[in-house]
>>> print(open('protein34.txt').read())   # compact mmCIF, C-alpha atoms
# COMPACT_ATOMS: atom_id res chain seq x y z
CA MET A 1 -33.95 -44.32 -9.25
CA LYS A 2 -32.88 -42.37 -6.13
CA VAL A 3 -29.43 -43.91 -6.21
CA ARG A 4 -29.11 -42.98 -9.86
CA ALA A 5 -30.17 -39.39 -9.16
CA ALA A 6 -27.73 -39.13 -6.26
CA PHE A 7 -24.92 -40.49 -8.43
CA LEU A 8 -25.71 -37.99 -11.16
CA PHE A 9 -25.81 -35.16 -8.63
CA ILE A 10 -22.38 -36.08 -7.21
CA LEU A 11 -21.04 -36.42 -10.74
CA VAL A 12 -22.25 -32.96 -11.59
CA ILE A 13 -20.71 -31.50 -8.42
CA VAL A 14 -17.36 -33.14 -9.25
CA ILE A 15 -17.44 -31.91 -12.85
CA VAL A 16 -18.31 -28.39 -11.76
CA ALA A 17 -15.53 -28.41 -9.17
CA ILE A 18 -12.99 -29.63 -11.72
CA GLY A 19 -14.20 -27.00 -14.19
CA LEU A 20 -13.84 -24.22 -11.66
CA TRP A 21 -10.38 -25.45 -10.62
CA MET A 22 -9.16 -25.70 -14.19
CA PHE A 23 -10.53 -22.48 -15.55
CA SER A 24 -10.74 -20.08 -12.65
CA PRO A 25 -8.16 -17.26 -12.90
CA ASN A 26 -5.06 -17.80 -10.84
CA PRO A 27 -4.20 -14.46 -9.21
CA ALA A 28 -0.50 -15.01 -9.76
CA ARG A 29 -0.99 -16.17 -13.34
CA ALA A 30 -3.31 -13.26 -14.11
CA ASN A 31 -0.36 -10.87 -14.21
CA ALA A 32 2.13 -13.28 -15.69
CA LYS A 33 4.71 -11.72 -17.97
CA LEU A 34 7.58 -12.40 -20.29
CA GLU A 35 11.04 -10.89 -20.04
CA MET A 36 13.82 -11.26 -22.56
CA ARG A 37 17.57 -10.94 -22.38
CA SER A 38 20.31 -11.86 -24.80
CA ASP A 39 23.94 -12.83 -24.90
CA PRO A 40 25.48 -10.69 -26.20
CA PHE A 41 23.33 -7.75 -25.23
CA PRO A 42 22.43 -5.86 -27.32
CA LEU A 43 22.13 -8.17 -30.27
CA ALA A 44 24.83 -8.39 -32.91
CA ILE A 45 25.14 -10.19 -36.21
CA GLY A 46 26.01 -13.84 -35.66
CA TRP A 47 25.04 -16.41 -33.06
CA VAL A 48 23.04 -15.01 -30.18
CA THR A 49 21.37 -16.76 -27.26
CA LEU A 50 17.99 -15.34 -26.38
CA THR A 51 16.78 -16.08 -22.86
CA VAL A 52 13.09 -15.70 -22.10
CA ALA A 53 11.91 -15.60 -18.49
CA VAL A 54 8.31 -16.64 -17.86
CA LEU A 55 7.18 -15.10 -14.57
CA ASN A 56 3.92 -15.15 -12.69
CA GLY A 57 2.30 -12.06 -11.19
CA ASP A 58 4.45 -12.40 -8.08
CA GLY A 59 7.61 -12.43 -10.16
CA GLN A 60 8.16 -16.14 -9.53
CA PRO A 61 9.42 -18.31 -12.42
CA ILE A 62 6.99 -20.59 -14.25
CA ASP A 63 8.62 -23.85 -15.29
CA ASN A 64 7.39 -26.38 -17.84
CA ALA A 65 6.00 -23.82 -20.27
CA ALA A 66 6.34 -24.29 -24.02
CA VAL A 67 8.05 -21.19 -25.39
CA ALA A 68 8.18 -20.34 -29.07
CA VAL A 69 10.17 -17.47 -30.53
CA SER A 70 9.65 -15.85 -33.89
CA ILE A 71 11.94 -13.16 -35.30
CA GLN A 72 11.32 -10.94 -38.25
CA MET A 73 13.11 -7.93 -39.65
CA MET A 74 11.12 -4.71 -39.85
CA HIS A 75 11.49 -4.77 -43.58
CA PRO A 76 8.96 -5.82 -46.19
CA GLY A 77 9.59 -9.14 -47.81
CA MET A 78 11.59 -10.72 -45.00
CA LEU A 79 10.23 -14.06 -43.90
CA PRO A 80 10.04 -14.76 -40.18
CA ILE A 81 12.30 -17.31 -38.51
CA HIS A 82 10.60 -19.60 -35.96
CA ARG A 83 12.34 -21.42 -33.13
CA GLN A 84 11.20 -23.45 -30.13
CA ALA A 85 13.04 -22.51 -26.93
CA THR A 86 14.73 -25.08 -24.73
CA PRO A 87 13.75 -25.04 -21.03
CA ALA A 88 16.44 -24.08 -18.53
CA PRO A 89 16.09 -23.95 -14.71
CA ASN A 90 14.13 -21.20 -12.90
CA GLY A 91 11.51 -20.46 -15.51
CA LEU A 92 14.07 -19.62 -18.18
CA TYR A 93 13.89 -20.72 -21.81
CA GLU A 94 16.77 -20.40 -24.23
CA VAL A 95 17.06 -20.32 -27.96
CA SER A 96 20.08 -19.79 -30.19
CA ILE A 97 19.64 -17.79 -33.33
CA ASN A 98 22.14 -16.89 -36.00
CA TRP A 99 21.16 -13.31 -36.73
CA PRO A 100 21.84 -12.64 -40.39
CA MET A 101 21.54 -8.89 -40.77
CA MET A 102 21.88 -5.65 -38.83
CA GLY A 103 18.89 -3.41 -38.33
CA GLN A 104 15.56 -3.29 -36.55
CA TRP A 105 13.89 -6.61 -35.83
CA VAL A 106 10.78 -7.74 -34.01
CA VAL A 107 10.86 -10.74 -31.69
CA ASP A 108 7.50 -12.36 -30.93
CA VAL A 109 7.42 -14.67 -27.95
CA ALA A 110 4.59 -17.04 -27.08
CA ALA A 111 4.56 -19.18 -23.94
CA GLU A 112 1.98 -21.89 -23.39
CA LEU A 113 1.62 -22.13 -19.64
CA PRO A 114 1.62 -25.58 -18.05
CA GLY A 115 -1.65 -27.01 -16.78
CA THR A 116 -3.74 -24.40 -18.56
CA GLN A 117 -4.78 -23.47 -22.02
CA ASP A 118 -3.39 -19.98 -21.57
CA THR A 119 -0.77 -18.60 -23.90
CA LEU A 120 1.24 -15.56 -22.92
CA GLN A 121 2.32 -13.45 -25.85
CA ASP A 122 4.50 -10.41 -26.12
CA GLN A 123 6.64 -8.58 -28.59
CA PHE A 124 10.09 -7.02 -28.35
CA GLU A 125 11.49 -4.48 -30.79
CA VAL A 126 15.23 -5.04 -30.94
CA PHE A 127 18.20 -3.75 -32.87
CA VAL A 128 20.93 -5.93 -34.28
CA TYR A 129 24.31 -4.19 -34.33
CA PRO A 130 26.95 -5.07 -36.91
CA VAL A 131 29.39 -6.00 -34.13
CA PRO A 132 28.96 -6.53 -30.36
CA VAL A 133 28.79 -3.24 -28.43
CA ASN A 134 28.84 -2.50 -24.74
CA SER A 135 25.73 -1.54 -22.78
CA SER A 136 26.45 -1.06 -19.13
CA THR A 137 23.21 0.66 -18.13
CA ILE A 138 20.53 -1.69 -19.39
CA THR A 139 20.73 -5.43 -19.83
CA SER A 140 17.31 -6.52 -21.05
CA PHE A 141 14.72 -5.63 -23.64
CA ARG A 142 11.53 -3.74 -22.90
CA SER A 143 8.42 -5.56 -24.08
CA ALA A 144 5.46 -4.05 -25.91
CA SER A 145 3.32 -4.74 -22.81
CA GLU A 146 5.78 -2.89 -20.61
CA ILE A 147 5.76 0.08 -22.97
CA GLU A 148 1.97 0.01 -23.11
CA MET A 149 1.71 0.07 -19.32
CA LEU A 150 3.37 3.49 -19.21
CA VAL A 151 0.35 5.06 -20.85
CA THR A 152 -1.90 6.19 -18.04
CA ASP A 153 -3.94 8.81 -19.89
CA ALA A 154 -3.68 8.44 -23.67
CA GLU A 155 -5.60 11.64 -24.39
CA ARG A 156 -3.38 13.87 -22.30
CA GLU A 157 0.00 12.26 -22.81
CA LEU A 158 2.39 12.67 -25.70
CA HIS A 159 4.63 9.61 -25.69
CA ILE A 160 8.05 9.59 -27.24
CA VAL A 161 9.53 6.12 -27.29
CA ILE A 162 13.14 6.02 -28.41
CA PRO A 163 13.76 2.56 -29.86
CA GLN A 164 16.92 0.60 -29.35
CA GLY A 165 19.47 1.33 -32.05
CA THR A 166 18.27 4.86 -32.72
CA GLN A 167 21.69 6.46 -32.41
CA ALA A 168 23.26 3.76 -34.58
CA MET A 169 20.63 4.22 -37.28
CA MET A 170 21.09 8.00 -37.24
CA ARG A 171 24.86 7.71 -37.50
CA LEU A 172 24.48 5.39 -40.46
CA GLY A 173 22.13 7.86 -42.05
CA GLN A 174 19.41 5.21 -42.10
CA ALA A 175 16.95 7.07 -39.87
CA GLU A 176 14.92 10.09 -40.72
CA ASN A 177 14.36 12.72 -38.07
CA MET A 178 13.17 10.79 -35.07
CA MET A 179 11.86 14.04 -33.65
CA PRO A 180 10.28 17.00 -35.38
CA ASP A 181 11.75 20.49 -35.03
CA GLU A 182 9.05 21.32 -32.51
CA ILE A 183 6.63 19.61 -30.20
CA ARG A 184 3.38 21.35 -29.31
CA LEU A 185 1.45 20.67 -26.14
CA ASN A 186 -1.52 22.40 -24.59
CA ILE A 187 -2.18 22.82 -20.89
CA ASN A 188 -5.89 22.22 -21.48
CA GLY A 189 -5.42 19.13 -23.62
CA GLN A 190 -2.37 17.04 -24.35
CA ASN A 191 -0.31 18.47 -21.53
CA THR A 192 2.04 15.69 -20.47
CA LEU A 193 5.27 14.72 -22.17
CA VAL A 194 6.52 11.20 -21.56
CA ILE A 195 9.92 10.22 -22.92
CA GLN A 196 11.04 6.63 -22.75
CA ASN A 197 14.56 5.78 -23.82
CA ASN A 198 14.96 2.17 -24.92
CA ASP A 199 18.23 2.87 -26.73
CA ILE A 200 21.54 1.82 -25.21
CA VAL A 201 22.88 5.39 -25.14
CA GLU A 202 21.55 8.55 -23.51
CA HIS A 203 19.53 11.03 -25.51
CA THR A 204 18.78 14.70 -25.04
CA ILE A 205 15.44 16.24 -25.95
CA GLY A 206 15.46 19.95 -25.15
CA PRO A 207 15.95 20.37 -21.41
CA PHE A 208 15.77 16.62 -20.70
CA LEU A 209 18.67 14.21 -20.65
CA VAL A 210 17.22 10.71 -20.71
CA ARG A 211 19.48 7.82 -19.87
CA PRO A 212 19.07 4.32 -21.30
CA GLY A 213 16.10 2.58 -19.74
CA GLU A 214 14.74 5.74 -18.13
CA VAL A 215 11.31 7.26 -18.44
CA ILE A 216 10.78 10.96 -17.83
CA ARG A 217 7.27 12.29 -17.33
CA GLN A 218 6.53 16.04 -17.26
CA LYS A 219 3.06 17.49 -16.92
CA PHE A 220 2.94 21.12 -18.03
CA THR A 221 0.62 23.47 -16.19
CA SER A 222 1.53 26.83 -17.71
CA PRO A 223 2.32 28.09 -21.22
CA SER A 224 6.03 28.16 -21.99
CA VAL A 225 8.65 27.52 -24.64
CA TYR A 226 11.74 25.40 -24.13
CA GLN A 227 14.45 25.29 -26.75
CA GLY A 228 17.48 23.09 -26.68
CA ILE A 229 19.61 20.36 -28.10
CA CYS A 230 17.96 17.28 -29.56
CA SER A 231 19.95 14.16 -30.30
CA LEU A 232 17.02 12.74 -32.28
CA ASN A 233 16.84 15.54 -34.79
CA VAL A 234 19.25 15.90 -37.70
CA ALA A 235 19.44 19.67 -37.02
CA GLU A 236 20.17 18.75 -33.37
CA SER A 237 17.67 21.25 -31.97
CA ILE A 238 14.08 21.23 -30.80
CA SER A 239 11.45 23.57 -29.41
CA ILE A 240 8.90 22.34 -26.91
CA ILE A 241 6.00 24.76 -27.09
CA VAL A 242 3.36 24.62 -24.39
CA GLU A 243 0.28 26.60 -25.30
CA GLY A 244 -2.44 27.88 -23.01
CA MET B 1 -34.30 -33.87 -21.58
CA ARG B 2 -33.18 -35.15 -18.21
CA PHE B 3 -29.57 -34.15 -18.95
CA ARG B 4 -30.41 -30.66 -20.09
CA TRP B 5 -29.80 -29.18 -16.64
CA LEU B 6 -26.50 -31.05 -16.48
CA LEU B 7 -25.46 -29.40 -19.73
CA VAL B 8 -26.42 -26.00 -18.37
CA ILE B 9 -24.30 -26.48 -15.25
CA LEU B 10 -21.36 -27.65 -17.35
CA LEU B 11 -21.64 -24.61 -19.57
CA LEU B 12 -21.79 -22.36 -16.55
CA ALA B 13 -18.69 -23.98 -15.11
CA THR B 14 -16.66 -23.62 -18.27
CA SER B 15 -17.75 -20.03 -18.78
CA CYS B 16 -15.91 -19.11 -15.59
CA SER B 17 -12.59 -19.25 -17.42
CA THR B 18 -10.79 -15.93 -17.67
CA ALA B 19 -7.82 -15.13 -19.87
CA PRO B 20 -4.80 -13.73 -18.02
CA ASN B 21 -4.61 -9.97 -18.19
CA ILE B 22 -0.92 -9.33 -18.66
CA GLN B 23 -1.36 -5.64 -19.48
CA GLU B 24 -3.01 -4.67 -16.22
CA VAL B 25 -1.80 -1.22 -15.30
CA SER B 26 -0.21 -0.82 -11.91
CA PRO B 27 -2.02 1.47 -9.45
CA PRO B 28 -0.83 5.07 -9.39
CA SER B 29 2.45 5.32 -7.57
CA TYR B 30 3.83 8.09 -5.40
CA ALA B 31 5.82 9.44 -8.32
CA ASP B 32 2.71 10.00 -10.41
CA GLN B 33 1.65 12.80 -8.08
CA LEU B 34 4.83 14.83 -8.49
CA ARG B 35 4.54 17.98 -10.59
CA GLY B 36 8.06 18.28 -11.94
CA ALA B 37 9.69 16.08 -14.57
CA VAL B 38 9.84 12.73 -12.81
CA PHE B 39 12.63 10.23 -13.40
CA ASN B 40 11.62 6.60 -13.44
CA PRO B 41 13.65 4.99 -12.09
CA PRO B 42 15.37 7.73 -10.06
CA ARG B 43 18.87 8.26 -11.43
CA SER B 44 21.88 7.16 -9.43
CA LEU B 45 24.60 9.78 -9.08
CA ASP B 46 28.27 9.46 -8.26
CA ASP B 47 29.25 10.93 -4.93
CA PHE B 48 30.89 14.35 -5.09
CA THR B 49 32.59 16.70 -2.69
CA PHE B 50 32.68 20.41 -3.45
CA THR B 51 33.98 23.42 -1.56
CA SER B 52 31.09 25.05 0.22
CA THR B 53 30.10 28.44 1.59
CA GLU B 54 29.28 26.65 4.84
CA GLY B 55 32.97 26.44 5.67
CA GLU B 56 33.35 22.70 5.26
CA PRO B 57 33.23 20.47 2.18
CA PHE B 58 29.79 19.48 0.92
CA SER B 59 29.43 15.83 -0.11
CA LEU B 60 26.38 14.15 -1.56
CA SER B 61 26.92 11.15 0.70
CA ASP B 62 26.88 13.35 3.80
CA HIS B 63 23.31 14.40 3.07
CA GLN B 64 21.54 11.05 2.94
CA GLY B 65 18.14 11.52 4.52
CA GLN B 66 17.86 15.09 3.27
CA VAL B 67 16.43 16.41 0.05
CA ILE B 68 18.76 18.62 -2.00
CA LEU B 69 17.62 21.17 -4.55
CA LEU B 70 20.58 21.72 -6.83
CA TYR B 71 20.88 24.57 -9.30
CA PHE B 72 23.75 25.36 -11.66
CA GLY B 73 24.41 29.00 -12.43
CA TYR B 74 26.82 31.85 -11.87
CA ARG B 75 26.87 34.90 -9.66
CA THR B 76 26.93 37.52 -12.40
CA CYS B 77 24.07 35.94 -14.34
CA PRO B 78 21.75 38.80 -15.15
CA ASP B 79 18.45 36.97 -15.43
CA PHE B 80 17.74 33.28 -14.88
CA CYS B 81 19.83 32.70 -11.75
CA PRO B 82 18.47 35.52 -9.56
CA THR B 83 14.92 34.80 -10.72
CA THR B 84 15.25 31.10 -9.91
CA PHE B 85 16.76 31.75 -6.51
CA ALA B 86 14.05 34.24 -5.65
CA GLU B 87 11.55 31.46 -6.39
CA LEU B 88 13.54 28.98 -4.30
CA LYS B 89 13.45 31.41 -1.41
CA ARG B 90 9.65 31.42 -1.67
CA VAL B 91 9.71 27.60 -1.62
CA TYR B 92 11.91 27.54 1.45
CA THR B 93 9.92 30.08 3.44
CA GLU B 94 6.62 28.47 2.46
CA LEU B 95 7.90 25.25 4.02
CA ASN B 96 8.93 27.10 7.21
CA GLU B 97 12.66 26.84 6.48
CA PRO B 98 13.26 23.13 7.13
CA ALA B 99 17.05 23.45 7.38
CA ASP B 100 17.60 19.91 8.67
CA LYS B 101 15.50 18.32 5.92
CA LEU B 102 16.10 20.42 2.86
CA LYS B 103 19.31 21.85 1.40
CA ILE B 104 19.19 24.39 -1.40
CA ALA B 105 22.50 24.67 -3.19
CA PHE B 106 23.86 26.88 -5.94
CA VAL B 107 26.67 25.28 -7.92
CA THR B 108 28.75 27.79 -9.82
CA VAL B 109 29.50 27.09 -13.46
CA ASP B 110 31.93 30.02 -13.37
CA PRO B 111 34.55 29.00 -10.78
CA GLU B 112 36.96 31.39 -12.49
CA ARG B 113 35.10 34.41 -11.14
CA ASP B 114 32.95 33.00 -8.36
CA THR B 115 34.99 32.67 -5.19
CA ILE B 116 33.62 31.17 -1.99
CA GLU B 117 33.65 34.65 -0.46
CA ASN B 118 31.54 36.35 -3.09
CA MET B 119 29.30 33.29 -3.43
CA THR B 120 28.57 33.51 0.27
CA LEU B 121 27.40 37.08 -0.17
CA TYR B 122 25.36 36.02 -3.19
CA THR B 123 23.57 33.00 -1.70
CA HIS B 124 22.99 34.71 1.67
CA ALA B 125 21.38 37.61 -0.14
CA PHE B 126 18.55 35.18 -0.86
CA HIS B 127 18.64 33.22 2.39
CA GLN B 128 21.16 32.52 5.11
CA ASP B 129 20.57 28.77 4.78
CA PHE B 130 21.30 28.64 1.05
CA ILE B 131 24.60 27.04 0.16
CA GLY B 132 27.09 27.97 -2.54
CA LEU B 133 29.18 25.16 -4.01
CA ARG B 134 32.36 25.57 -6.00
CA ASP B 135 34.58 23.09 -7.78
CA ASP B 136 36.93 23.37 -10.70
CA SER B 137 37.85 19.73 -11.07
CA ALA B 138 36.56 16.87 -13.20
CA ALA B 139 34.05 16.06 -10.44
CA LEU B 140 31.95 19.07 -11.41
CA GLN B 141 32.04 18.05 -15.06
CA GLN B 142 31.00 14.53 -14.08
CA LEU B 143 28.02 15.75 -12.06
CA MET B 144 26.95 18.07 -14.86
CA ARG B 145 27.22 15.20 -17.33
CA GLU B 146 25.09 13.00 -15.08
CA LEU B 147 22.39 15.63 -14.81
CA GLY B 148 22.55 16.82 -18.39
CA VAL B 149 23.66 20.32 -17.48
CA VAL B 150 25.12 22.15 -20.44
CA VAL B 151 27.16 25.38 -20.29
CA GLU B 152 28.64 27.53 -23.00
CA LYS B 153 30.71 30.64 -22.51
CA ARG B 154 29.69 33.57 -24.69
CA GLN B 155 32.22 36.43 -25.12
CA LEU B 156 30.96 39.99 -24.85
CA GLY B 157 32.72 42.63 -26.89
CA ASP B 158 32.36 45.82 -24.91
CA SER B 159 31.15 44.76 -21.48
CA SER B 160 32.96 44.86 -18.16
CA LEU B 161 31.68 41.32 -17.58
CA SER B 162 33.68 40.19 -20.64
CA TYR B 163 31.59 37.03 -20.96
CA LEU B 164 28.24 35.49 -20.15
CA ILE B 165 27.55 31.81 -19.72
CA ASP B 166 24.59 30.15 -21.34
CA HIS B 167 23.57 27.29 -19.08
CA THR B 168 20.83 24.83 -18.23
CA VAL B 169 18.36 26.54 -15.94
CA SER B 170 16.68 23.59 -14.27
CA VAL B 171 16.45 22.85 -10.57
CA PHE B 172 17.30 19.23 -9.77
CA LEU B 173 15.73 17.49 -6.81
CA ILE B 174 17.96 14.85 -5.29
CA GLY B 175 16.00 12.57 -2.99
CA VAL B 176 16.79 11.32 0.49
CA ASP B 177 18.67 8.34 -0.97
CA GLY B 178 20.97 10.54 -3.08
CA ARG B 179 19.29 9.82 -6.41
CA LEU B 180 17.90 12.29 -8.91
CA GLU B 181 14.12 12.18 -8.66
CA VAL B 182 12.74 15.33 -10.25
CA GLN B 183 13.82 18.11 -12.60
CA TYR B 184 12.05 21.47 -12.51
CA LEU B 185 12.25 23.48 -15.67
CA TYR B 186 12.69 27.22 -15.58
CA GLY B 187 9.39 28.92 -14.88
CA THR B 188 7.94 26.13 -12.76
CA ASP B 189 5.50 27.63 -10.25
CA TYR B 190 7.09 27.60 -6.80
CA GLN B 191 3.88 26.12 -5.44
CA ASP B 192 4.48 23.03 -7.55
CA ILE B 193 7.90 22.56 -5.95
CA VAL B 194 6.35 23.10 -2.51
CA HIS B 195 3.71 20.50 -3.35
CA ASP B 196 6.33 17.94 -4.35
CA LEU B 197 8.53 18.57 -1.33
CA ARG B 198 5.55 18.11 0.98
CA LEU B 199 4.84 14.84 -0.79
CA ILE B 200 8.42 13.64 -0.60
CA LEU B 201 9.25 14.78 2.91
CA GLY B 202 5.78 14.13 4.28
CA ASP B 203 5.68 14.06 8.03
CA ALA B 204 9.36 14.99 8.23
CA LEU B 205 8.46 18.59 7.52
>>> encode(input="protein34.txt", output="structure tokens")
Amino acid sequence: MKVRAAFLFILVIVIVAIGLWMFSPNPARANAKLEMRSDPFPLAIGWVTLTVAVLNGDGQPIDNAAVAVSIQMMHPGMLPIHRQATPAPNGLYEVSINWPMMGQWVVDVAAELPGTQDTLQDQFEVFVYPVPVNSSTITSFRSASEIEMLVTDAERELHIVIPQGTQAMMRLGQAENMMPDEIRLNINGQNTLVIQNNDIVEHTIGPFLVRPGEVIRQKFTSPSVYQGICSLNVAESISIIVEG
Amino acid sequence: MRFRWLLVILLLATSCSTAPNIQEVSPPSYADQLRGAVFNPPRSLDDFTFTSTEGEPFSLSDHQGQVILLYFGYRTCPDFCPTTFAELKRVYTELNEPADKLKIAFVTVDPERDTIENMTLYTHAFHQDFIGLRDDSAALQQLMRELGVVVEKRQLGDSSLSYLIDHTVSVFLIGVDGRLEVQYLYGTDYQDIVHDLRLILGDAL
């Protein structure tokens, strides 16, 4: 009886230990993230290789993950296209996709991490150009998680995220005003303007020139009015009004 | 019955699992405390060399380790330029005139009328340490393009000035590594600029 009890006790200890080892959060994994690049960058109609990097919280590559990619046009009625990525060295996973149409697309990436039941998921809003274009300043896509992380105080910040392809869409006459004629802020409320440029060209919003990939953050502390050029407005002008 | 406690322990063990939190927000960085418009990442700038009121050419690369406050204007500007420079003088004196750590420079957008001689008189009228910079080559256009400085000449019909120049009225803070870190819009309280410079220069002041 005592031997049986001792055996059961050891068995329980072993099971508990295995359970803790398997399911306890790995500090590096806890901040794991997905990055995505493409060749060509930015995307263009035709064959494109998407490369997904699966990185742990220390920025080290995670190999042996199972990475699935799903693309869908931001247009009602379009069915998504699903692909499984092929592992490459250094935590990279590649998939070739024949992009059929120009415009704004969403890429969903899911990575099942090895040795766990965790799945990393993220989303990338991309733009497919009719022909390959040059982008010397930025070389990768910004994920939804990355964009989300810029919000530090949602109640006080007004976020303007300029999506990739904005200038192209405006030139083609396929985008409405990306910016209104005026922005209103209040020093006692929403008092911080955050502009994030994910397009491949620079944009001007009033007094701010924002280069591709940049984020500009301005907290206003006194009432004022700033008028200037706006590359996101069809009338090409904007007023930033800060009220007291 | 006898295995009930075993089941409880197993449940406790499995409940320790935690999903990875990939959206964890980074702790506030140094930049988050700045009061101007903060560039993330700081913007790289091409090196430039302009004629200076100091008697020798002024290059960006020669001022690594120093903070530069750069303003674009013109000597005969009736409003924004003198007001801004009066505020910059307050900044400079509030910081006890840190000449070896901070350079305040006025870049003329009117090289046609602003000579080094009359710019010297102009900048020194605010402070002896303030520097006037002049260039009429493509390098000035390049720097203005990089910073987003816009100028437009406006003809005056019956004025001895003959023209005014509408121009961007921001002050640009170039950090110790030569990159654009902060932009101060017109009307920024000088105390906010002082606050940021204390943060950036820290013990160096």
>>> residues_around(input="protein34.txt", residues="Val109 of chain A", least_positions_apart="6", cutoff="10 Å", atoms="all atoms listed in the file", output="list in words")
Leu34, Glu35, Met36, Val52, Val67, Ala68, Val69, Ser70, Ile71, His82, Arg83, Gln84, Ala85, Thr119, Leu120, Gln121, Asp122, Gln123, Phe124 and Ser143 of chain A
>>> residues_around(input="protein34.txt", residues="Glu56 of chain B", least_positions_apart="6", cutoff="12 Å", atoms="only C-alpha atoms", output="ChimeraX atom specification")
/B:49-50,62,116,131-134
>>> residues_around(input="protein34.txt", residues="Ala125 of chain B", least_positions_apart="6", cutoff="12 Å", atoms="all atoms listed in the file", output="MDAnalysis selection string")
chainID B and resid 75 82 85:86 89 118:119 131:132
>>> closest_residue(input="protein34.txt", among="B:Leu156, B:Asn40, B:Gln191, B:Tyr30", to="Val194 of chain A", atoms="only C-alpha atoms")
B:Asn40
>>> atom_distance(input="protein34.txt", atom1="atom CA of Gly36 of chain B", atom2="atom CA of Phe172 of chain B")
9.5 Å
>>> atom_distance(input="protein34.txt", atom1="atom CA of Arg90 of chain B", atom2="atom CA of Tyr190 of chain B")
6.9 Å
>>> atom_distance(input="protein34.txt", atom1="atom CA of Val201 of chain A", atom2="atom CA of Glu155 of chain A")
29.2 Å
>>> residues_near_point(input="protein34.txt", point="(19.6, 25.9, -25.1)", cutoff="9 Å", atoms="only C-alpha atoms", output="list of chain:residue names")
A:Gly206, A:Pro207, A:Tyr226, A:Gln227, A:Gly228, A:Ile229, A:Ser237, B:Val150, B:Val151, B:Asp166, B:His167, B:Thr168
>>> closest_residue(input="protein34.txt", among="A:Leu79, A:Ile45, A:Leu193, A:Ala30", to="Asp58 of chain A", atoms="all atoms listed in the file")
A:Ala30
>>> residues_around(input="protein34.txt", residues="Pro130 of chain A", least_positions_apart="5", cutoff="12 Å", atoms="all atoms listed in the file", output="PyMOL selection string")
chain A and resi 42-46+99-104+165+168-169+172
>>> closest_residue(input="protein34.txt", among="B:Val91, B:Gly148, B:Val171, B:Arg198", to="chain A", atoms="all atoms listed in the file")
B:Gly148
